[in-house]
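One file, structure-v4.txt, carrying compact mmCIF, C-alpha atoms:
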```
# COMPACT_ATOMS: atom_id res chain seq x y z
CA MET A 1 -35.43 -30.96 -37.58
CA ARG A 2 -32.15 -31.48 -35.79
CA GLN A 3 -32.13 -32.63 -32.18
CA ALA A 4 -29.42 -32.49 -29.55
CA GLY A 5 -29.16 -33.82 -26.03
CA VAL A 6 -27.01 -32.96 -23.03
CA LEU A 7 -26.72 -34.76 -19.71
CA ASP A 8 -25.35 -32.36 -17.11
CA VAL A 9 -24.16 -34.06 -13.90
CA GLY A 10 -23.54 -31.57 -11.12
CA CYS A 11 -23.49 -31.43 -7.36
CA HIS A 12 -27.26 -31.13 -6.94
CA SER A 13 -28.69 -33.01 -9.91
CA ALA A 14 -28.24 -34.98 -13.09
CA LEU A 15 -30.27 -33.23 -15.76
CA LEU A 16 -30.96 -34.68 -19.19
CA THR A 17 -32.12 -32.05 -21.69
CA VAL A 18 -33.11 -32.78 -25.28
CA VAL A 19 -34.00 -29.93 -27.63
CA ARG A 20 -34.67 -29.47 -31.33
CA ARG A 21 -34.30 -26.63 -33.75
CA ARG A 22 -37.27 -25.47 -35.78
CA PRO A 23 -37.14 -22.67 -38.35
CA GLY A 24 -37.59 -19.38 -36.53
CA THR A 25 -36.69 -20.82 -33.13
CA VAL A 26 -33.42 -21.49 -31.37
CA LEU A 27 -34.08 -24.12 -28.70
CA GLU A 28 -37.38 -25.95 -28.49
CA PRO A 29 -37.64 -28.42 -25.58
CA VAL A 30 -38.31 -32.03 -26.48
CA PHE A 31 -37.64 -33.86 -23.24
CA SER A 32 -36.21 -33.14 -19.81
CA ARG A 33 -35.51 -35.31 -16.80
CA LYS A 34 -33.89 -34.22 -13.53
CA VAL A 35 -32.66 -36.60 -10.85
CA ARG A 36 -31.69 -35.00 -7.56
CA LEU A 37 -28.23 -35.48 -6.10
CA ARG A 38 -26.60 -34.32 -2.87
CA LEU A 39 -22.97 -34.90 -3.71
CA HIS A 40 -21.73 -32.18 -1.34
CA GLU A 41 -22.73 -34.51 1.50
CA THR A 42 -20.48 -37.27 0.16
CA LEU A 43 -17.28 -35.24 -0.23
CA ASP A 44 -14.31 -35.43 2.11
CA ARG A 45 -12.01 -32.48 2.85
CA GLN A 46 -10.00 -33.20 -0.31
CA GLY A 47 -13.12 -33.18 -2.48
CA ARG A 48 -13.11 -36.96 -3.01
CA LEU A 49 -16.49 -38.66 -3.51
CA ASP A 50 -17.05 -41.59 -1.18
CA LYS A 51 -18.62 -44.89 -2.27
CA ALA A 52 -22.13 -43.65 -1.52
CA GLY A 53 -21.49 -40.60 -3.68
CA MET A 54 -20.23 -42.65 -6.59
CA LYS A 55 -23.21 -44.99 -6.29
CA SER A 56 -25.62 -42.04 -6.35
CA VAL A 57 -24.01 -40.72 -9.55
CA GLU A 58 -24.38 -44.12 -11.19
CA ARG A 59 -28.04 -44.29 -10.15
CA ALA A 60 -28.82 -40.74 -11.28
CA VAL A 61 -27.20 -41.16 -14.71
CA ALA A 62 -28.94 -44.50 -15.29
CA GLU A 63 -32.32 -43.10 -14.18
CA ALA A 64 -32.06 -39.94 -16.30
CA VAL A 65 -31.07 -41.82 -19.46
CA ALA A 66 -33.66 -44.57 -18.96
CA ALA A 67 -36.44 -41.99 -18.59
CA ASP A 68 -36.02 -40.77 -22.18
CA PRO A 69 -39.13 -42.14 -23.96
CA ARG A 70 -37.76 -41.78 -27.49
CA PRO A 71 -36.82 -45.17 -29.00
CA ARG A 72 -34.26 -43.50 -31.23
CA GLY A 73 -32.90 -40.07 -30.55
CA PRO A 74 -29.69 -38.09 -30.76
CA GLU A 75 -26.67 -39.27 -28.92
CA VAL A 76 -26.29 -37.39 -25.69
CA PHE A 77 -23.25 -35.33 -24.73
CA ALA A 78 -22.80 -36.25 -21.06
CA PHE A 79 -20.55 -34.06 -18.95
CA ALA A 80 -19.70 -33.57 -15.29
CA THR A 81 -19.18 -30.22 -13.64
CA SER A 82 -16.52 -29.23 -11.11
CA VAL A 83 -17.70 -31.47 -8.26
CA ILE A 84 -16.55 -34.49 -10.29
CA ARG A 85 -13.98 -32.76 -12.51
CA ASP A 86 -11.97 -31.61 -9.49
CA ALA A 87 -12.38 -34.78 -7.43
CA PRO A 88 -9.08 -36.65 -6.81
CA ASN A 89 -10.89 -39.89 -7.71
CA ARG A 90 -12.45 -38.47 -10.88
CA ASP A 91 -11.15 -41.22 -13.15
CA GLU A 92 -12.59 -43.91 -10.89
CA ILE A 93 -15.99 -42.18 -10.87
CA ILE A 94 -16.08 -41.85 -14.66
CA ALA A 95 -14.98 -45.45 -15.17
CA ARG A 96 -17.62 -46.80 -12.76
CA VAL A 97 -20.41 -44.79 -14.37
CA ALA A 98 -19.35 -45.93 -17.85
CA ARG A 99 -19.16 -49.56 -16.74
CA THR A 100 -22.56 -49.65 -15.01
CA THR A 101 -24.62 -47.33 -17.24
CA GLY A 102 -22.91 -47.35 -20.63
CA THR A 103 -22.64 -43.55 -20.45
CA ARG A 104 -19.19 -42.02 -20.31
CA LEU A 105 -19.05 -38.66 -18.61
CA ARG A 106 -16.74 -36.07 -20.09
CA VAL A 107 -15.19 -33.19 -18.23
CA LEU A 108 -14.86 -29.66 -19.54
CA THR A 109 -12.19 -27.32 -18.30
CA GLY A 110 -13.37 -24.31 -16.33
CA GLU A 111 -12.29 -22.06 -19.19
CA GLU A 112 -14.36 -24.11 -21.65
CA GLU A 113 -17.38 -23.82 -19.34
CA ALA A 114 -16.86 -20.05 -19.27
CA ARG A 115 -16.63 -19.93 -23.07
CA LEU A 116 -19.82 -21.93 -23.49
CA ALA A 117 -21.66 -19.78 -20.93
CA TYR A 118 -20.70 -16.74 -23.03
CA VAL A 119 -21.86 -18.44 -26.25
CA ALA A 120 -25.22 -19.15 -24.64
CA ALA A 121 -25.57 -15.64 -23.23
CA ARG A 122 -24.70 -14.10 -26.61
CA GLN A 123 -27.43 -16.08 -28.34
CA TRP A 124 -29.93 -15.33 -25.58
CA ALA A 125 -29.16 -11.60 -25.67
CA GLY A 126 -29.82 -11.42 -29.41
CA PRO A 127 -27.91 -10.17 -32.45
CA THR A 128 -28.13 -6.49 -31.53
CA ALA A 129 -26.46 -6.88 -28.13
CA GLY A 130 -23.18 -5.01 -27.83
CA PRO A 131 -20.30 -5.87 -25.51
CA LEU A 132 -21.16 -8.65 -23.05
CA LEU A 133 -19.74 -9.48 -19.64
CA VAL A 134 -20.94 -12.89 -18.43
CA LEU A 135 -20.70 -13.99 -14.79
CA ASP A 136 -21.49 -17.50 -13.56
CA ILE A 137 -21.18 -18.82 -9.99
CA GLY A 138 -20.95 -22.60 -9.71
CA GLY A 139 -20.32 -24.86 -6.77
CA GLY A 140 -16.59 -25.24 -7.24
CA THR A 141 -15.65 -22.40 -9.57
CA VAL A 142 -16.65 -18.97 -10.82
CA GLU A 143 -16.65 -18.39 -14.57
CA ILE A 144 -16.13 -14.96 -16.16
CA ALA A 145 -16.16 -14.19 -19.88
CA SER A 146 -16.37 -11.06 -21.99
CA GLY A 147 -16.32 -10.05 -25.62
CA THR A 148 -18.09 -8.32 -28.46
CA GLY A 149 -18.49 -11.18 -30.95
CA ASP A 150 -19.84 -14.71 -31.11
CA GLN A 151 -16.88 -15.96 -29.08
CA PRO A 152 -15.43 -14.32 -25.94
CA ARG A 153 -12.20 -12.39 -25.98
CA VAL A 154 -11.35 -13.17 -22.34
CA VAL A 155 -12.34 -16.15 -20.17
CA HIS A 156 -11.47 -16.97 -16.57
CA SER A 157 -12.36 -19.86 -14.27
CA LEU A 158 -11.53 -19.28 -10.60
CA PRO A 159 -11.73 -21.66 -7.61
CA LEU A 160 -14.22 -19.45 -5.80
CA GLY A 161 -17.45 -21.42 -6.10
CA ALA A 162 -20.21 -21.37 -3.48
CA ARG A 163 -19.68 -24.94 -2.30
CA ARG A 164 -15.91 -24.44 -2.02
CA ILE A 165 -16.18 -21.17 -0.07
CA THR A 166 -18.78 -22.73 2.24
CA ARG A 167 -16.48 -25.67 2.94
CA ASP A 168 -13.35 -23.57 3.48
CA TRP A 169 -14.79 -20.51 5.23
CA LEU A 170 -18.37 -21.12 6.39
CA PRO A 171 -18.66 -24.73 7.63
CA GLY A 172 -22.30 -25.73 7.79
CA GLY A 173 -23.18 -22.61 5.84
CA ALA A 174 -23.24 -20.27 8.84
CA ALA A 175 -21.01 -17.34 9.72
CA PRO A 176 -19.98 -17.35 13.41
CA SER A 177 -19.61 -13.57 13.42
CA ARG A 178 -19.72 -10.42 11.30
CA ARG A 179 -15.96 -10.50 11.45
CA ARG A 180 -15.94 -13.81 9.59
CA LEU A 181 -18.19 -12.34 6.89
CA ALA A 182 -15.73 -9.47 6.49
CA GLU A 183 -12.84 -11.96 6.27
CA VAL A 184 -14.59 -13.95 3.54
CA LEU A 185 -15.29 -10.80 1.54
CA GLN A 186 -11.70 -9.67 1.95
CA TYR A 187 -10.42 -13.04 0.71
CA LEU A 188 -12.73 -12.93 -2.31
CA ARG A 189 -11.80 -9.35 -3.16
CA ARG A 190 -8.08 -10.05 -2.94
CA SER A 191 -8.45 -13.18 -5.05
CA LEU A 192 -10.27 -11.25 -7.75
CA GLU A 193 -7.86 -8.31 -7.62
CA ALA A 194 -5.03 -10.74 -8.37
CA VAL A 195 -6.64 -11.91 -11.63
CA PRO A 196 -4.85 -10.42 -14.67
CA ASP A 197 -7.06 -8.88 -17.33
CA LEU A 198 -10.23 -9.20 -15.24
CA PRO A 199 -13.07 -8.03 -17.53
CA GLN A 200 -14.94 -4.87 -16.57
CA ALA A 201 -18.46 -3.66 -17.25
CA VAL A 202 -18.40 -1.02 -19.99
CA ARG A 203 -20.77 1.76 -20.99
CA GLY A 204 -23.19 0.54 -23.60
CA GLY A 205 -22.53 -3.10 -22.71
CA ARG A 206 -24.61 -5.61 -20.79
CA VAL A 207 -23.69 -7.71 -17.78
CA LEU A 208 -25.45 -11.09 -17.80
CA ALA A 209 -25.44 -13.40 -14.80
CA GLY A 210 -26.06 -17.10 -15.24
CA SER A 211 -26.36 -19.91 -12.67
CA LYS A 212 -28.93 -20.84 -10.04
CA THR A 213 -27.01 -18.80 -7.47
CA PHE A 214 -27.68 -15.49 -9.21
CA GLU A 215 -31.22 -16.52 -10.13
CA GLN A 216 -32.17 -17.34 -6.55
CA LEU A 217 -30.55 -14.19 -5.18
CA ALA A 218 -32.55 -12.12 -7.68
CA ARG A 219 -35.79 -13.81 -6.60
CA LEU A 220 -35.01 -13.16 -2.95
CA ALA A 221 -34.21 -9.52 -3.69
CA ALA A 222 -37.40 -9.08 -5.76
CA ALA A 223 -39.51 -10.47 -2.92
CA GLN A 224 -37.98 -8.01 -0.49
CA SER A 225 -38.61 -5.08 -2.82
CA ARG A 226 -42.17 -6.33 -3.54
CA THR A 227 -41.61 -5.86 -7.26
CA PRO A 228 -41.63 -9.36 -8.81
CA ARG A 229 -40.80 -8.01 -12.26
CA THR A 230 -37.30 -7.16 -11.00
CA ARG A 231 -36.43 -10.82 -10.46
CA ARG A 232 -34.65 -10.74 -13.83
CA ARG A 233 -32.28 -8.04 -12.56
CA LEU A 234 -30.13 -7.75 -9.45
CA THR A 235 -28.52 -4.53 -8.23
CA SER A 236 -25.59 -4.25 -5.86
CA ALA A 237 -27.83 -2.61 -3.24
CA GLN A 238 -30.35 -5.47 -3.47
CA LEU A 239 -27.53 -7.97 -3.23
CA HIS A 240 -26.20 -6.37 -0.04
CA THR A 241 -29.67 -6.66 1.52
CA ALA A 242 -30.03 -10.28 0.41
CA ALA A 243 -26.62 -11.18 1.86
CA SER A 244 -27.62 -9.65 5.22
CA LEU A 245 -30.87 -11.64 5.25
CA LEU A 246 -29.03 -14.88 4.54
CA ALA A 247 -26.37 -14.15 7.17
CA ASP A 248 -29.04 -13.55 9.82
CA ALA A 249 -30.95 -16.74 8.99
CA LYS A 250 -29.94 -20.19 10.14
CA PRO A 251 -29.01 -22.42 7.18
CA SER A 252 -31.88 -24.75 8.06
CA HIS A 253 -34.34 -21.83 7.85
CA ARG A 254 -33.10 -20.22 4.63
CA ALA A 255 -35.25 -22.43 2.40
CA LYS A 256 -38.24 -20.58 3.88
CA LEU A 257 -36.97 -17.36 2.32
CA PRO A 258 -38.44 -16.50 -1.11
CA GLY A 259 -36.41 -17.93 -3.96
CA ILE A 260 -33.97 -20.01 -1.89
CA SER A 261 -34.23 -23.74 -2.57
CA ARG A 262 -33.71 -26.31 0.15
CA HIS A 263 -30.78 -28.06 -1.49
CA ARG A 264 -28.88 -24.78 -2.03
CA ALA A 265 -29.74 -23.16 1.29
CA GLU A 266 -26.47 -24.08 3.02
CA GLN A 267 -24.28 -22.51 0.36
CA SER A 268 -26.56 -19.54 -0.38
CA LEU A 269 -24.72 -17.17 1.97
CA ALA A 270 -21.39 -17.95 0.31
CA GLY A 271 -23.06 -17.44 -3.07
CA ALA A 272 -24.26 -13.98 -2.04
CA LEU A 273 -20.81 -12.97 -0.81
CA ILE A 274 -19.18 -14.23 -4.01
CA ALA A 275 -21.72 -12.37 -6.15
CA GLN A 276 -21.08 -9.20 -4.15
CA ALA A 277 -17.30 -9.41 -4.53
CA LEU A 278 -17.57 -10.40 -8.19
CA MET A 279 -19.82 -7.48 -9.14
CA GLU A 280 -17.58 -5.06 -7.25
CA ALA A 281 -14.41 -6.37 -8.90
CA CYS A 282 -15.95 -6.14 -12.39
CA GLY A 283 -17.47 -2.72 -11.83
CA ALA A 284 -21.03 -3.95 -12.33
CA LYS A 285 -23.71 -2.02 -10.43
CA SER A 286 -26.37 -4.43 -11.65
CA VAL A 287 -26.72 -7.66 -13.61
CA GLU A 288 -29.40 -9.17 -15.84
CA ILE A 289 -30.34 -12.74 -14.98
CA CYS A 290 -29.70 -15.00 -17.98
CA PRO A 291 -31.45 -18.39 -17.93
CA TRP A 292 -28.89 -19.92 -20.31
CA SER A 293 -25.40 -21.09 -19.43
CA THR A 294 -22.90 -23.87 -20.23
CA ARG A 295 -25.55 -26.51 -20.92
CA GLU A 296 -27.31 -24.31 -23.47
CA GLY A 297 -23.97 -23.36 -25.01
CA LEU A 298 -23.29 -27.02 -25.67
CA LEU A 299 -26.75 -27.52 -27.18
CA LEU A 300 -26.41 -24.46 -29.41
CA GLU A 301 -23.05 -25.56 -30.78
CA HIS A 302 -24.26 -29.14 -31.20
CA LEU A 303 -27.20 -27.89 -33.26
CA GLY A 304 -24.98 -25.60 -35.30
CA VAL A 305 -26.82 -22.49 -34.11
CA ALA A 306 -23.69 -21.01 -32.56
CA PRO A 307 -20.39 -21.09 -34.47
CA THR A 308 -17.45 -22.83 -32.84
CA PRO A 309 -14.02 -21.18 -32.67
CA ALA A 310 -11.76 -21.63 -35.66
CA GLY A 311 -9.80 -24.86 -35.41
CA ARG A 312 -12.05 -26.36 -32.75
CA PRO A 313 -14.06 -29.41 -33.83
CA ARG A 314 -17.79 -29.23 -33.32
CA LEU A 315 -18.96 -31.18 -30.31
CA ALA A 316 -20.03 -34.70 -31.13
CA GLY A 317 -22.64 -36.72 -29.32
```
Would you mind writing the file's structure down as structure tokens?
Amino acid sequence: MRQAGVLDVGCHSALLTVVRRRPGTVLEPVFSRKVRLRLHETLDRQGRLDKAGMKSVERAVAEAVAADPRPRGPEVFAFATSVIRDAPNRDEIIARVARTTGTRLRVLTGEEEARLAYVAARQWAGPTAGPLLVLDIGGGTVEIASGTGDQPRVVHSLPLGARRITRDWLPGGAAPSRRRLAEVLQYLRRSLEAVPDLPQAVRGGRVLAGSKTFEQLARLAAAQSRTPRTRRRLTSAQLHTAASLLADAKPSHRAKLPGISRHRAEQSLAGALIAQALMEACGAKSVEICPWSTREGLLLEHLGVAPTPAGRPRLAG
């Protein structure tokens, strides 16, 4: 049995995931360890991590790797998402983590993250799935990918993530007025309208939404509709209701709402507005919640389950 491991270092956690491939299965969990982070609290206005932030990344990486009980296992592909990738002091962060933990973080471009999210969604959807449109809302960026085959035809990565929009438009996570909400939506819509070749939902195709942002919004919407089985789907009407609930709630109280986690509560309103604008721009009246994204795309390619694009070397550990 082949095994593969990925260490995903993001704004809210460092997550080590090790899986193996058995005949008849795709990804079978072997080991998982999550260490919480709050890097958004250590960022300055330019997105630079302060010393406390860098220290917390070092600690989280060391703790996650040390928790792996296997004496000998696969090498781990360690990567950092946009919070570190886009930081002006990225190279310093990566060098410090490598020096103190022995683990060197790699950075993927936003377009590569979008491609891998599509790869994961394609495998999750199954071989009979037709055209796919994949949407993913991260902290710093939004990823969009579409296609009909194993690899996407179009990928986009846009600087419209929930953490970024919160910082730039909704400081503290709250909207001072309905006018500000309208201004944020207008900015998001105009930004998406300016994207060339923006993929659209098509008849007979499926729209899959990855990321914790979409997942938590779907849970909130399902709780309001009192139909828990709908938590794997989110309609535009449900999203509008969820956005209104989040706008009316103080950021400190949002974690009491069904589905909204404490560490994402502040940026949850921005996430709802981004999801609303994104679905509108892509012509999607509803989305299916996909539990797989970039991390799973890496694991699938590492295991050889998903083919890599022609001319691209397979990811090494």
Find the spatial neighbours of Ala218 in chain A, counting all atoms listed in the file, within a cut-off of 10 Å - ignore same-chain residues fewer than 6 positions away - and output them as number ranges by chain.
A: 212, 224, 228, 230-235, 238-239, 242, 258-260, 287-289
Using all atoms listed in the file, the residue out of A:Gly271, A:Pro152, A:Pro199, A:Pro251 with shortest distance to Glu112 in chain A is A:Pro152
Any idea what's packed within 12 Å of Ser157 in chain A, counting all atoms listed in the file, ignoring anything in its chain fewer than 5 positions away? Could you give it as a list in words?
Ser82, Leu108, Thr109, Gly110, Glu111, Glu112, Glu113, Ala114, Arg115, Ala117, Val134, Leu135, Asp136, Ile137, Gly138, Gly140, Thr141, Val142, Glu143, Ile144, Ala145, Leu192, Val195 and Leu198 of chain A
Problem set entry | Close residues, Glu266 in chain A itself excluded, 12 Å, all atoms listed in the file, min 3 positions apart in chain, as a PyMOL selection string | chain A and resi 38+40-41+139+162-167+170-175+213+246-247+249-255+260-263+269-272
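Using all atoms listed in the file, the smallest distance between any of A:Leu208, A:Val18, A:Ala223, A:Leu158 and Ala129 in chain A comes from A:Leu208.
Between CA of Gly5 in chain A and CA of Thr81 in chain A lies a distance of 16.3 Å.
For the pair CA of Val83 in chain A and CA of Gly47 in chain A, the separation is 7.6 Å.
Relative to CA of Ala209 in chain A, CA of Arg180 in chain A is found at 26.2 Å.
Counting all atoms listed in the file, the residue from A:Gln3, A:Ser293, A:Thr100, A:Ser236 that sits nearest to Trp124 in chain A is A:Ser293.
Candidate residues A:Val61, A:Pro131, A:Asp86, A:Ala237 were compared for distance to Ala222 in chain A, and the nearest is A:Ala237, using all atoms listed in the file.
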Of A:Asp150, A:Glu28, A:Asp248, A:Asp91, the one nearest to Val119 in chain A when counting all atoms listed in the file is A:Asp150
Listed atoms of range 24-39 of chain A boxed along x, y and z, 3 Å each side, centre and edge lengths in Å, one decimal, as AutoDock Vina command-line options:
```
--center_x -30.6 --center_y -28.0 --center_z -19.7 --size_x 21.3 --size_y 23.2 --size_z 39.7
```
Could you name the residues that touch Gly147 in chain A at 10 Å or less, counting all atoms listed in the file, but leaving out those on the same chain fewer than 6 positions away, as a short mmCIF file (atom, residue, chain, number, x, y, z; two decimals) with C-alpha atoms, keeping the file's coordinate frame?
```cif
data_model
loop_
_atom_site.label_atom_id
_atom_site.label_comp_id
_atom_site.auth_asym_id
_atom_site.auth_seq_id
_atom_site.Cartn_x
_atom_site.Cartn_y
_atom_site.Cartn_z
CA TYR A 118 -20.70 -16.74 -23.03
CA ARG A 122 -24.70 -14.10 -26.61
CA GLY A 130 -23.18 -5.01 -27.83
CA PRO A 131 -20.30 -5.87 -25.51
CA LEU A 132 -21.16 -8.65 -23.05
CA LEU A 133 -19.74 -9.48 -19.64
CA VAL A 134 -20.94 -12.89 -18.43
CA ARG A 153 -12.20 -12.39 -25.98
CA VAL A 154 -11.35 -13.17 -22.34
CA VAL A 155 -12.34 -16.15 -20.17
CA PRO A 199 -13.07 -8.03 -17.53
CA GLY A 205 -22.53 -3.10 -22.71
#
```
Across A:Gly204, A:Pro69, A:Pro23, A:Gly10, the smallest distance to Gly53 in chain A, with all atoms listed in the file counted, is shown by A:Gly10
Exercise for review: Quick one: everything within 12 Å of Ser32 in chain A, counting only C-alpha atoms, minus sequence neighbours fewer than 5 positions away in the same chain. Send it as number ranges by chain.
Suggested key: A: 4-8, 14-19, 64-70
